[in-house]
>>> print(open('structure38.csv').read())   # CSV, C-alpha atoms
chain,number,residue,atom,x,y,z
A,35,MET,CA,91.0,67.1,30.7
A,36,ARG,CA,90.3,70.4,32.4
A,37,TYR,CA,87.8,68.7,34.6
A,38,ARG,CA,90.4,66.2,35.8
A,39,ALA,CA,92.9,68.9,36.6
A,40,CYS,CA,90.3,70.7,38.7
A,41,LEU,CA,89.4,67.5,40.5
A,42,GLY,CA,93.1,66.8,41.1
A,43,THR,CA,93.6,70.3,42.6
A,44,PHE,CA,90.5,69.9,44.8
A,45,LEU,CA,91.7,66.6,46.1
A,46,CYS,CA,95.1,68.0,46.9
A,47,ILE,CA,93.7,71.0,48.8
A,48,SER,CA,91.2,68.8,50.7
A,49,SER,CA,93.9,66.3,51.7
A,50,LEU,CA,96.0,69.2,52.9
A,51,PHE,CA,93.2,70.4,55.1
A,52,LEU,CA,92.5,66.9,56.5
A,53,GLY,CA,96.1,66.3,57.2
A,54,ASP,CA,96.4,69.6,59.0
A,55,ARG,CA,93.3,68.8,61.1
A,56,ALA,CA,94.7,65.4,62.0
A,57,LEU,CA,97.9,67.1,63.2
A,58,CYS,CA,95.9,69.5,65.3
A,59,ASP,CA,94.1,66.6,66.9
A,60,GLY,CA,97.4,65.0,67.8
A,61,LYS,CA,98.5,68.2,69.5
A,62,LYS,CA,95.4,68.5,71.7
A,63,THR,CA,96.6,69.5,75.2
A,64,VAL,CA,95.7,67.4,78.2
A,65,ARG,CA,94.0,69.4,80.9
A,66,ILE,CA,95.4,69.2,84.4
A,67,LYS,CA,92.8,67.9,86.9
A,68,ALA,CA,92.2,70.0,89.9
A,69,ALA,CA,89.6,69.8,92.7
A,70,GLY,CA,89.0,73.5,92.6
A,71,ILE,CA,90.5,76.9,91.8
A,72,GLN,CA,91.3,79.6,94.3
A,73,VAL,CA,91.6,83.2,93.2
A,74,ALA,CA,94.1,85.3,95.2
A,75,MET,CA,93.5,89.1,95.4
A,76,ILE,CA,95.1,91.0,92.6
A,77,GLN,CA,98.5,92.4,93.5
A,78,SER,CA,99.8,95.7,92.2
A,79,ASP,CA,102.9,96.4,94.2
A,80,GLU,CA,105.0,97.9,91.5
A,81,ILE,CA,102.2,99.9,89.8
A,82,ALA,CA,99.6,102.1,91.4
A,83,VAL,CA,96.2,100.8,90.3
A,84,PRO,CA,93.0,102.3,91.7
A,85,ALA,CA,91.3,100.2,94.3
A,86,GLU,CA,88.1,99.9,92.2
A,87,PHE,CA,90.1,98.4,89.4
A,88,ARG,CA,91.7,95.8,91.6
A,89,VAL,CA,88.4,94.9,93.1
A,90,ALA,CA,86.6,94.8,89.7
A,91,LEU,CA,89.4,92.5,88.3
A,92,TYR,CA,89.1,90.1,91.3
A,93,GLU,CA,85.3,90.0,91.2
A,94,ASN,CA,85.1,89.6,87.4
A,95,LEU,CA,87.7,86.9,87.4
A,96,ILE,CA,85.7,84.9,90.0
A,97,ARG,CA,82.5,85.4,88.0
A,98,GLN,CA,84.0,84.4,84.7
A,99,LEU,CA,85.6,81.2,86.2
A,100,GLU,CA,82.2,80.2,87.6
A,101,LYS,CA,80.7,80.8,84.1
A,102,ARG,CA,83.3,78.6,82.5
A,103,GLY,CA,82.0,75.7,84.5
A,104,PHE,CA,84.5,75.4,87.3
A,105,GLN,CA,82.6,73.6,90.0
A,106,HIS,CA,84.6,75.0,93.0
A,107,VAL,CA,85.9,78.5,92.8
A,108,TYR,CA,87.3,79.7,96.1
A,109,ARG,CA,87.9,83.3,97.1
A,110,ASP,CA,91.1,84.7,98.7
A,111,GLY,CA,91.4,83.4,102.2
A,112,ASP,CA,88.4,81.1,102.0
A,113,ARG,CA,88.9,78.5,104.8
A,114,LYS,CA,86.8,75.9,102.8
A,115,ALA,CA,89.7,75.7,100.3
A,116,ALA,CA,92.2,74.7,103.0
A,117,GLY,CA,90.8,71.2,103.4
A,118,VAL,CA,90.4,70.5,99.7
A,119,PRO,CA,93.4,68.6,98.2
A,120,ASN,CA,94.7,69.4,94.7
A,121,VAL,CA,93.5,73.0,94.6
A,122,VAL,CA,95.0,75.3,92.0
A,123,VAL,CA,95.7,78.9,93.1
A,124,LEU,CA,95.6,81.8,90.7
A,125,HIS,CA,98.0,84.7,91.6
A,126,SER,CA,97.6,87.8,89.5
A,127,THR,CA,100.1,90.7,89.5
A,128,VAL,CA,99.6,93.9,87.5
A,129,ARG,CA,102.6,94.6,85.3
A,130,ARG,CA,101.3,97.5,83.3
A,131,PHE,CA,98.3,99.8,83.5
A,132,LYS,CA,97.3,102.6,81.2
A,133,ALA,CA,94.2,104.4,82.2
A,134,GLY,CA,92.5,105.6,79.1
A,135,ASN,CA,89.7,108.2,78.5
A,136,GLU,CA,86.2,107.1,77.8
A,137,MET,CA,85.3,110.5,76.3
A,138,ALA,CA,88.3,110.4,74.0
A,139,ARG,CA,87.3,106.9,72.9
A,140,GLN,CA,83.8,108.0,72.0
A,141,VAL,CA,84.8,111.3,70.4
A,142,THR,CA,87.8,110.2,68.4
A,143,THR,CA,87.2,106.4,68.2
A,144,VAL,CA,90.9,105.8,67.9
A,145,ALA,CA,92.4,107.4,71.1
A,146,GLY,CA,91.8,106.9,74.8
A,147,ALA,CA,92.1,103.1,75.0
A,148,THR,CA,92.5,101.6,78.5
A,149,SER,CA,94.8,98.6,78.8
A,150,ILE,CA,96.1,96.5,81.6
A,151,ASN,CA,98.7,93.8,81.5
A,152,ILE,CA,98.6,91.2,84.3
A,153,HIS,CA,101.0,88.3,85.0
A,154,CYS,CA,99.0,85.3,85.9
A,155,GLN,CA,100.6,82.4,87.8
A,156,PHE,CA,98.8,79.2,88.6
A,157,THR,CA,100.3,77.3,91.4
A,158,ASN,CA,99.4,74.3,93.5
A,159,ALA,CA,98.5,74.6,97.2
A,160,GLU,CA,102.2,74.3,98.1
A,161,GLY,CA,103.1,77.3,95.9
A,162,GLN,CA,104.8,75.3,93.1
A,163,PRO,CA,104.1,77.0,89.8
A,164,LEU,CA,102.1,75.0,87.3
A,165,LEU,CA,101.6,77.6,84.6
A,166,GLU,CA,102.6,81.3,84.0
A,167,GLN,CA,101.2,83.6,81.4
A,168,ASP,CA,100.8,87.3,80.8
A,169,VAL,CA,97.2,88.4,80.0
A,170,THR,CA,96.3,91.8,78.5
A,171,GLY,CA,92.9,93.4,78.9
A,172,ASN,CA,91.8,96.3,76.6
A,173,VAL,CA,88.8,98.6,76.1
A,174,ARG,CA,89.1,100.4,72.8
A,175,PHE,CA,85.8,101.7,71.7
A,176,PHE,CA,82.6,101.1,73.7
A,177,GLY,CA,82.4,101.1,77.5
A,178,GLY,CA,83.8,102.6,80.6
A,179,ASN,CA,87.3,102.2,81.8
A,180,LEU,CA,86.3,99.4,84.2
A,181,ARG,CA,85.3,97.3,81.2
A,182,VAL,CA,89.0,96.5,80.8
A,183,THR,CA,88.6,94.3,83.9
A,184,TYR,CA,85.9,92.2,82.2
A,185,ASP,CA,88.1,91.7,79.1
A,186,PHE,CA,91.0,90.5,81.3
A,187,ALA,CA,88.7,88.2,83.3
A,188,LYS,CA,87.3,86.6,80.1
A,189,LYS,CA,90.8,85.9,78.7
A,190,ALA,CA,92.3,84.7,82.0
A,191,SER,CA,89.3,82.3,82.6
A,192,ARG,CA,89.7,80.9,79.1
A,193,ILE,CA,93.3,80.1,79.8
A,194,ALA,CA,92.3,78.4,83.1
A,195,TYR,CA,89.6,76.5,81.3
A,196,GLU,CA,92.0,75.3,78.6
A,197,LYS,CA,94.6,74.1,81.1
A,198,PHE,CA,92.7,72.9,84.1
A,199,SER,CA,89.7,70.8,84.7
A,200,THR,CA,87.8,70.6,87.9
A,201,ARG,CA,85.2,68.1,86.7
A,202,ASP,CA,85.4,64.5,87.9
B,53,MET,CA,60.4,146.1,131.0
B,54,THR,CA,61.4,143.1,133.1
B,55,ILE,CA,58.4,141.1,131.8
B,56,ARG,CA,59.6,141.8,128.3
B,57,ALA,CA,63.1,140.7,129.2
B,58,LYS,CA,61.8,137.5,130.8
B,59,LYS,CA,59.7,136.8,127.6
B,60,LEU,CA,62.8,137.3,125.5
B,61,LEU,CA,64.8,135.0,127.8
B,62,ARG,CA,62.1,132.3,127.5
B,63,VAL,CA,61.9,132.5,123.8
B,64,GLY,CA,65.6,132.4,123.6
B,65,THR,CA,65.8,129.3,125.8
B,66,VAL,CA,63.1,127.5,123.8
B,67,PHE,CA,64.8,128.4,120.5
B,68,PHE,CA,68.2,127.2,121.8
B,69,ALA,CA,66.6,123.9,123.0
B,70,VAL,CA,64.9,123.3,119.6
B,71,VAL,CA,68.2,124.0,117.8
B,72,ALA,CA,70.2,121.8,120.2
B,73,THR,CA,67.7,118.8,119.9
B,74,SER,CA,67.6,119.0,116.1
B,75,GLY,CA,71.4,118.9,116.1
B,76,VAL,CA,71.4,115.8,118.3
B,77,ASN,CA,68.7,114.1,116.1
B,78,ALA,CA,70.7,114.9,113.0
B,79,GLN,CA,73.8,113.2,114.5
B,80,GLN,CA,71.8,110.1,115.6
B,81,SER,CA,69.9,109.5,112.4
B,82,PRO,CA,72.1,107.7,109.8
B,83,THR,CA,72.6,109.6,106.5
B,84,ALA,CA,71.1,107.6,103.6
B,85,VAL,CA,73.0,108.2,100.4
B,86,LYS,CA,71.7,107.2,97.0
B,87,ALA,CA,74.2,104.9,95.4
B,88,VAL,CA,74.6,102.4,92.6
B,89,GLN,CA,76.2,99.1,93.4
B,90,LEU,CA,78.4,98.3,90.4
B,91,THR,CA,79.6,94.9,91.5
B,92,GLY,CA,80.4,92.7,94.4
B,93,LEU,CA,77.4,92.3,96.8
B,94,PRO,CA,76.4,88.6,96.7
B,95,SER,CA,72.6,89.0,96.7
B,96,VAL,CA,72.4,92.2,94.7
B,97,LYS,CA,72.4,92.6,90.9
B,98,ASP,CA,75.1,94.6,89.2
B,99,ASN,CA,74.4,98.2,88.6
B,100,ALA,CA,71.5,98.1,91.1
B,101,LYS,CA,70.3,101.5,92.4
B,102,GLY,CA,69.6,101.9,96.1
B,103,ASN,CA,70.2,103.6,99.4
B,104,LEU,CA,73.4,103.2,101.3
B,105,THR,CA,73.5,103.8,105.1
B,106,VAL,CA,75.8,103.0,108.0
B,107,GLU,CA,73.9,102.0,111.1
B,108,ASN,CA,74.5,99.9,114.2
B,109,GLY,CA,77.9,98.7,113.0
B,110,TYR,CA,76.7,97.6,109.6
B,111,LEU,CA,76.9,99.0,106.1
B,112,HIS,CA,73.4,98.6,104.6
B,113,PHE,CA,72.4,98.7,101.0
B,114,LEU,CA,68.7,98.7,100.3
B,115,SER,CA,67.7,98.1,96.6
B,116,GLY,CA,64.0,97.6,96.0
B,117,LYS,CA,63.0,94.8,98.3
B,118,THR,CA,66.6,93.4,98.6
B,119,THR,CA,68.7,94.4,101.6
B,120,SER,CA,72.3,93.6,101.9
B,121,GLU,CA,74.6,94.3,104.8
B,122,VAL,CA,78.2,94.2,105.6
B,123,LYS,CA,79.6,94.2,109.2
B,124,ALA,CA,81.8,97.3,109.6
B,125,THR,CA,84.4,95.3,111.6
B,126,SER,CA,84.8,92.8,108.8
B,127,ILE,CA,85.8,95.6,106.4
B,128,GLU,CA,89.6,95.4,105.7
B,129,ASP,CA,89.8,98.4,103.4
B,130,VAL,CA,87.5,101.2,102.4
B,131,VAL,CA,88.7,103.6,99.7
B,132,THR,CA,87.0,106.6,98.1
B,133,GLY,CA,87.8,107.9,94.6
B,134,THR,CA,86.4,110.3,92.1
B,135,ASP,CA,85.3,109.3,88.7
B,136,SER,CA,83.0,110.7,86.1
B,137,GLN,CA,79.9,109.5,84.5
B,138,LYS,CA,77.9,110.4,81.4
B,139,ALA,CA,75.0,112.6,82.6
B,140,VAL,CA,72.9,111.2,79.7
B,141,GLY,CA,73.2,107.6,81.0
B,142,LYS,CA,74.7,104.5,79.6
B,143,THR,CA,72.1,103.4,77.1
B,144,ILE,CA,71.4,106.8,75.7
B,145,GLY,CA,75.1,107.5,75.6
B,146,THR,CA,75.7,104.4,73.4
B,147,LEU,CA,72.7,105.1,71.2
B,148,SER,CA,73.7,108.7,70.8
B,149,MET,CA,76.8,107.5,69.0
B,150,ALA,CA,74.5,106.8,66.0
B,151,ALA,CA,73.1,110.3,66.0
B,152,PRO,CA,73.5,112.1,62.6
B,153,TYR,CA,76.2,114.8,61.9
B,154,GLY,CA,78.2,113.5,64.8
B,155,GLY,CA,75.6,114.8,67.3
B,156,GLY,CA,76.1,111.8,69.5
B,157,ARG,CA,79.7,112.6,70.1
B,158,PHE,CA,78.7,116.1,71.1
B,159,VAL,CA,76.2,114.7,73.6
B,160,SER,CA,78.9,112.5,74.9
B,161,LEU,CA,80.7,115.6,76.2
B,162,PHE,CA,78.1,116.1,78.9
B,163,ARG,CA,79.2,114.3,82.0
B,164,LYS,CA,78.9,114.7,85.7
B,165,LYS,CA,81.4,113.8,88.4
B,166,ILE,CA,80.7,111.0,90.7
B,167,ASP,CA,82.3,109.5,93.8
B,168,THR,CA,83.3,105.9,94.1
B,169,LEU,CA,83.4,103.9,97.3
B,170,THR,CA,85.4,100.6,97.2
B,171,VAL,CA,85.0,98.2,100.1
B,172,GLU,CA,86.9,95.0,100.7
B,173,TYR,CA,85.6,92.7,103.5
B,174,ARG,CA,85.8,89.1,104.6
B,175,ASN,CA,82.8,86.9,105.2
B,176,ALA,CA,82.4,84.3,108.0
B,177,GLU,CA,84.6,81.8,106.2
B,178,GLY,CA,87.3,84.3,105.7
B,179,ALA,CA,86.7,84.7,102.0
B,180,LEU,CA,87.5,88.1,100.5
B,181,HIS,CA,84.8,90.1,98.8
B,182,GLY,CA,85.1,93.4,97.0
B,183,VAL,CA,82.2,95.8,96.4
B,184,ILE,CA,82.2,99.0,94.3
B,185,PHE,CA,79.6,101.7,94.8
B,186,THR,CA,79.1,105.0,92.9
B,187,MET,CA,77.4,107.9,94.5
B,188,PRO,CA,76.9,111.7,94.1
B,189,LEU,CA,80.1,113.7,94.4
B,190,GLY,CA,81.2,114.5,98.0
B,191,THR,CA,79.1,111.8,99.7
B,192,ALA,CA,81.6,108.9,99.8
B,193,ASP,CA,83.9,110.5,102.4
B,194,ALA,CA,81.0,110.8,104.9
B,195,ILE,CA,80.2,107.1,104.5
B,196,LYS,CA,83.8,106.2,104.8
B,197,LYS,CA,84.2,108.2,108.0
B,198,GLU,CA,81.1,106.6,109.5
B,199,LEU,CA,82.4,103.2,108.6
B,200,ILE,CA,85.8,103.9,110.2
B,201,ALA,CA,84.0,105.2,113.3
B,202,GLN,CA,82.1,101.9,113.6
B,203,GLY,CA,85.2,99.7,113.3
B,204,ALA,CA,86.1,99.4,109.6
B,205,HIS,CA,89.8,99.5,108.6
B,206,THR,CA,91.4,101.5,105.8
B,207,THR,CA,94.7,101.7,104.1
B,208,VAL,CA,94.1,105.4,103.3
B,209,ALA,CA,93.4,107.4,106.5
B,210,PRO,CA,90.8,110.1,106.1
B,211,GLU,CA,93.5,112.8,106.6
B,212,GLN,CA,95.4,111.3,103.7
B,213,ILE,CA,92.4,111.2,101.4
B,214,GLY,CA,93.2,114.5,99.6
B,215,SER,CA,96.8,113.4,98.7
B,216,ALA,CA,95.8,109.8,97.9
B,217,GLN,CA,93.1,110.8,95.5
B,218,ALA,CA,95.6,113.1,93.8
B,219,SER,CA,97.8,110.1,92.8
B,220,PRO,CA,96.0,106.9,91.6
B,221,SER,CA,92.4,107.9,91.3
B,222,THR,CA,93.0,111.0,89.3
B,223,SER,CA,94.1,108.7,86.5
B,224,LEU,CA,90.5,107.6,86.4
B,225,LYS,CA,89.2,111.1,86.0
B,226,GLU,CA,87.9,111.9,82.6
B,227,GLN,CA,90.0,114.7,81.1
B,228,LYS,CA,88.0,117.1,79.1
B,229,GLN,CA,90.2,118.2,76.3
>>> encode(input="structure38.csv", output="structure tokens")
Amino acid sequence: MRYRACLGTFLCISSLFLGDRALCDGKKTVRIKAAGIQVAMIQSDEIAVPAEFRVALYENLIRQLEKRGFQHVYRDGDRKAAGVPNVVVLHSTVRRFKAGNEMARQVTTVAGATSINIHCQFTNAEGQPLLEQDVTGNVRFFGGNLRVTYDFAKKASRIAYEKFSTRD
Amino acid sequence: MTIRAKKLLRVGTVFFAVVATSGVNAQQSPTAVKAVQLTGLPSVKDNAKGNLTVENGYLHFLSGKTTSEVKATSIEDVVTGTDSQKAVGKTIGTLSMAAPYGGGRFVSLFRKKIDTLTVEYRNAEGALHGVIFTMPLGTADAIKKELIAQGAHTTVAPEQIGSAQASPSTSLKEQKQ
């Protein structure tokens, strides 16, 4: 009797899991096809961000997009991108920047976090927006302040990978 | 007496000539600065150590057998800043965290100031590249001045450097509390 009750419970739980998974599969997003992705230089008009941070954000973003498997990643102003149809352009604008303190991080382990909030806008070549999202990069424990740029780049490239596909 | 005066005059002339020529030579020879390329140069690994020079209208970075150069006139912006670095180095700094009785955290307090030089340039296709160098304190300004003299552009003029560094880059400075 007890065995039957256990079996019943097990079957109920497993059917719940399977049903949930089936629902998730149904929600699977369709990736927008793009011939390539072009990264515009990071803008920081409203907030003063040190030049090395802007450059590190830009360079890390390009590197992470290439690592994600995007076949054609174009830099800001690259003339090669002009002739390619269906290119997605990634515009990034710094909305919030809090410079932390590496020493405080190591000494206290709770204070001194560096964080950066960047508004990412994916547009087509004509400038029409395709996707907009805020991405936050943090460095809390290990690493220098510039590591925040790596964290941002990884998150932004993941969003790009989930929404866009440059493979044929 | 006159012979002695002539001798003195000759020695003085020779001395002056030597000093003058050494000064000219010092101006002509490019100053090599030991630097670390954090990121950005296409053919150079991240965190590569090397020598940075400005010569014949190019910024050269020599790391081991690899040489990378950027044309000064293609540079759209060159900015210097001051940051700080753990004097003990990255790996030891991280390992020292595990030291007993919180010793690693004490070791973490020892840092030295460094200069940063950030360069933004466009390649032949017009693609924008950014490079970040770190170097000993007080050497970045000299490199920047040489680059500007050879055709590089900047958004922060050398005379504004003092005030510009006081605003955004000071946020990067490690504050010893």
>>> residues_around(input="structure38.csv", residues="Asp98 of chain B", least_positions_apart="6", cutoff="12 Å", atoms="all atoms listed in the file", output="ChimeraX atom specification")
/A:90,93-94,97 /B:88-92,115,183-186
>>> atom_distance(input="structure38.csv", atom1="atom CA of Val169 of chain A", atom2="atom CA of Val171 of chain B")
25.5 Å
>>> atom_distance(input="structure38.csv", atom1="atom CA of Glu166 of chain A", atom2="atom CA of Asp129 of chain B")
28.9 Å
>>> closest_residue(input="structure38.csv", among="B:Asp193, B:Glu121, B:Glu172, B:Glu198", to="chain A", atoms="all atoms listed in the file")
B:Glu172
>>> atom_distance(input="structure38.csv", atom1="atom CA of Leu111 of chain B", atom2="atom CA of Leu199 of chain B")
7.4 Å
>>> residues_near_point(input="structure38.csv", point="(65.0, 96.5, 99.4)", cutoff="12 Å", atoms="all atoms listed in the file", output="ChimeraX atom specification")
/B:95-97,100-104,112-121
>>> residues_near_point(input="structure38.csv", point="(86.9, 86.4, 101.4)", cutoff="8 Å", atoms="only C-alpha atoms", output="number ranges by chain")
A: 109-112; B: 173-175, 177-181
>>> residues_around(input="structure38.csv", residues="segment 116-122 of chain A", least_positions_apart="2", cutoff="7 Å", atoms="all atoms listed in the file", output="PDB file with C-alpha atoms, keeping the file's coordinate frame")
ATOM      1  CA  ALA A  68      92.200  70.000  89.900  1.00  0.00           C
ATOM      2  CA  ALA A  69      89.600  69.800  92.700  1.00  0.00           C
ATOM      3  CA  GLY A  70      89.000  73.500  92.600  1.00  0.00           C
ATOM      4  CA  ILE A  71      90.500  76.900  91.800  1.00  0.00           C
ATOM      5  CA  GLN A  72      91.300  79.600  94.300  1.00  0.00           C
ATOM      6  CA  ARG A 113      88.900  78.500 104.800  1.00  0.00           C
ATOM      7  CA  LYS A 114      86.800  75.900 102.800  1.00  0.00           C
ATOM      8  CA  LEU A 124      95.600  81.800  90.700  1.00  0.00           C
ATOM      9  CA  PHE A 156      98.800  79.200  88.600  1.00  0.00           C
ATOM     10  CA  THR A 157     100.300  77.300  91.400  1.00  0.00           C
ATOM     11  CA  ASN A 158      99.400  74.300  93.500  1.00  0.00           C
ATOM     12  CA  ALA A 159      98.500  74.600  97.200  1.00  0.00           C
TER      13      ALA A 159
END
>>> residues_around(input="structure38.csv", residues="segment 200-210 of chain B", least_positions_apart="4", cutoff="8 Å", atoms="only C-alpha atoms", output="mmCIF file with C-alpha atoms, in the coordinates of the input")
data_model
loop_
_atom_site.group_PDB
_atom_site.id
_atom_site.type_symbol
_atom_site.label_atom_id
_atom_site.label_comp_id
_atom_site.auth_asym_id
_atom_site.auth_seq_id
_atom_site.Cartn_x
_atom_site.Cartn_y
_atom_site.Cartn_z
ATOM 1 C CA ASN B 108 74.500 99.900 114.200
ATOM 2 C CA GLY B 109 77.900 98.700 113.000
ATOM 3 C CA TYR B 110 76.700 97.600 109.600
ATOM 4 C CA ALA B 124 81.800 97.300 109.600
ATOM 5 C CA THR B 125 84.400 95.300 111.600
ATOM 6 C CA SER B 126 84.800 92.800 108.800
ATOM 7 C CA ILE B 127 85.800 95.600 106.400
ATOM 8 C CA GLU B 128 89.600 95.400 105.700
ATOM 9 C CA ASP B 129 89.800 98.400 103.400
ATOM 10 C CA VAL B 130 87.500 101.200 102.400
ATOM 11 C CA VAL B 131 88.700 103.600 99.700
ATOM 12 C CA ASP B 193 83.900 110.500 102.400
ATOM 13 C CA LYS B 196 83.800 106.200 104.800
ATOM 14 C CA ALA B 216 95.800 109.800 97.900
#
>>> residues_around(input="structure38.csv", residues="segment 185-194 of chain A", least_positions_apart="2", cutoff="6 Å", atoms="all atoms listed in the file", output="list of chain:residue names")
A:Asn94, A:Leu95, A:Leu99, A:Gly171, A:Val182, A:Thr183, A:Glu196, A:Lys197, A:Phe198
>>> closest_residue(input="structure38.csv", among="A:Ala85, A:Ala147, A:Val107, A:Ile66", to="chain B", atoms="all atoms listed in the file")
A:Ala85
>>> build_atoms(input="structure38.csv", residues="segment 104-118 of chain A", atoms="N, CA and C atoms", output="compact mmCIF listing (two decimals), keeping the file's coordinate frame")
# COMPACT_ATOMS: atom_id res chain seq x y z
N PHE A 104 83.75 75.92 86.19
CA PHE A 104 84.50 75.40 87.30
C PHE A 104 83.59 75.18 88.49
N GLN A 105 83.61 73.96 89.01
CA GLN A 105 82.60 73.60 90.00
C GLN A 105 82.93 74.29 91.38
N HIS A 106 84.22 74.38 91.71
CA HIS A 106 84.60 75.00 93.00
C HIS A 106 85.54 76.15 92.75
N VAL A 107 85.02 77.35 92.88
CA VAL A 107 85.90 78.50 92.80
C VAL A 107 85.91 79.17 94.15
N TYR A 108 87.10 79.21 94.72
CA TYR A 108 87.30 79.70 96.10
C TYR A 108 87.86 81.14 96.02
N ARG A 109 87.42 81.95 96.98
CA ARG A 109 87.90 83.30 97.10
C ARG A 109 89.22 83.33 97.92
N ASP A 110 89.89 84.46 97.87
CA ASP A 110 91.10 84.70 98.70
C ASP A 110 90.79 84.46 100.16
N GLY A 111 91.56 83.60 100.80
CA GLY A 111 91.40 83.40 102.20
C GLY A 111 90.27 82.50 102.66
N ASP A 112 89.57 81.92 101.71
CA ASP A 112 88.40 81.10 102.00
C ASP A 112 88.91 79.81 102.76
N ARG A 113 88.42 79.63 103.99
CA ARG A 113 88.90 78.50 104.80
C ARG A 113 88.40 77.15 104.24
N LYS A 114 87.35 77.20 103.42
CA LYS A 114 86.80 75.90 102.80
C LYS A 114 87.87 75.32 101.88
N ALA A 115 88.69 76.17 101.27
CA ALA A 115 89.70 75.70 100.30
C ALA A 115 90.84 74.95 100.99
N ALA A 116 91.06 75.27 102.26
CA ALA A 116 92.20 74.70 103.00
C ALA A 116 92.13 73.18 103.09
N GLY A 117 90.92 72.65 103.24
CA GLY A 117 90.80 71.20 103.40
C GLY A 117 90.66 70.43 102.12
N VAL A 118 90.60 71.15 101.00
CA VAL A 118 90.40 70.50 99.70
C VAL A 118 91.81 70.15 99.11
